[in-house]
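**Q** Pasting a structure below so you can have a look.
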Amino acid sequence: MQDPNDRWYIDMPWNGNRGNLEMVCVADDLLSFLDTEKKHRVEIEVVTSEI
């Protein structure tokens with residue numbers, strides 16, 4: 001989820017400091033690139049594999 005200051009955060013249940021959920025350098029660039037509909041939100045599904 002992107003805030004009004006263009007910072008990206010993981011959207012998950014969390015009781016701690018929101019700053020701990022901020023995306024690290026370059027990850028925010030990738031999320032902005034993936035946000036093709038400019039909804040300030042990107043959903044990513046992670047699938048594990050044992051290849």
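By convention here, the chains of the structure tokens are called A, B, ... in the order presented, each chain's residues are numbered starting at 1, and ligands are numbered starting at 1 in the order presented.
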Can you pull out every residue within 10 Å of Val42 of chain A, counting only C-alpha atoms, but drop anything in the same chain fewer than 4 positions away, and send it as JSON, numbers by chain?
**A** {"A": [1, 2, 8, 10, 11, 31, 32, 33, 34, 35, 36, 37, 38]}
**Q** Check the DSSP output for the backbone and give back, as an MDAnalysis selection string, the residues of chain A in alpha helix (DSSP H).
**A** chainID A and resid 27:34
**Q** Keeping only N, CA and C atoms, write the selected residues to a file as a PDB file, in the first residue's frame.
**A**
```pdb
ATOM      1  N   ALA A  27      12.713  -1.625  -3.750  1.00  0.00           N
ATOM      2  CA  ALA A  27      11.439  -2.350  -3.745  1.00  0.00           C
ATOM      3  C   ALA A  27      10.301  -1.382  -4.030  1.00  0.00           C
ATOM      4  N   ASP A  28      10.389  -0.158  -3.504  1.00  0.00           N
ATOM      5  CA  ASP A  28       9.345   0.827  -3.768  1.00  0.00           C
ATOM      6  C   ASP A  28       9.297   1.202  -5.246  1.00  0.00           C
ATOM      7  N   ASP A  29      10.446   1.230  -5.908  1.00  0.00           N
ATOM      8  CA  ASP A  29      10.473   1.504  -7.353  1.00  0.00           C
ATOM      9  C   ASP A  29       9.766   0.387  -8.120  1.00  0.00           C
ATOM     10  N   LEU A  30      10.022  -0.852  -7.723  1.00  0.00           N
ATOM     11  CA  LEU A  30       9.372  -1.994  -8.371  1.00  0.00           C
ATOM     12  C   LEU A  30       7.863  -1.930  -8.163  1.00  0.00           C
ATOM     13  N   LEU A  31       7.420  -1.618  -6.952  1.00  0.00           N
ATOM     14  CA  LEU A  31       5.988  -1.540  -6.684  1.00  0.00           C
ATOM     15  C   LEU A  31       5.335  -0.419  -7.491  1.00  0.00           C
ATOM     16  N   SER A  32       5.990   0.713  -7.597  1.00  0.00           N
ATOM     17  CA  SER A  32       5.452   1.806  -8.421  1.00  0.00           C
ATOM     18  C   SER A  32       5.339   1.375  -9.877  1.00  0.00           C
ATOM     19  N   PHE A  33       6.309   0.611 -10.360  1.00  0.00           N
ATOM     20  CA  PHE A  33       6.275   0.102 -11.727  1.00  0.00           C
ATOM     21  C   PHE A  33       5.120  -0.888 -11.909  1.00  0.00           C
ATOM     22  N   LEU A  34       4.895  -1.755 -10.928  1.00  0.00           N
ATOM     23  CA  LEU A  34       3.835  -2.757 -11.006  1.00  0.00           C
ATOM     24  C   LEU A  34       2.435  -2.165 -10.818  1.00  0.00           C
TER      25      LEU A  34
END
```
**Q** What does the distance between atom CA of Asp6 of chain A and atom CA of Cys25 of chain A come to in Å, to one decimal place?
**A** 12.7 Å
**Q** A:Asn17, A:Val24, A:His40, A:Thr48: which is nearest Asn5 of chain A, counting only C-alpha atoms?
**A** A:His40
**Q** As a PyMOL selection string, please: all residues of chain A that backbone DSSP puts in strand (DSSP E or B).
**A** chain A and resi 2+8-9+22
**Q** Nearest to Gly19 of chain A among A:Val46, A:Asp3, A:Arg41, A:Ile51, with distances taken over only C-alpha atoms: which residue is it?
**A**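 Counting only C-alpha atoms, the residue closest to Gly19 of chain A is A:Asp3.
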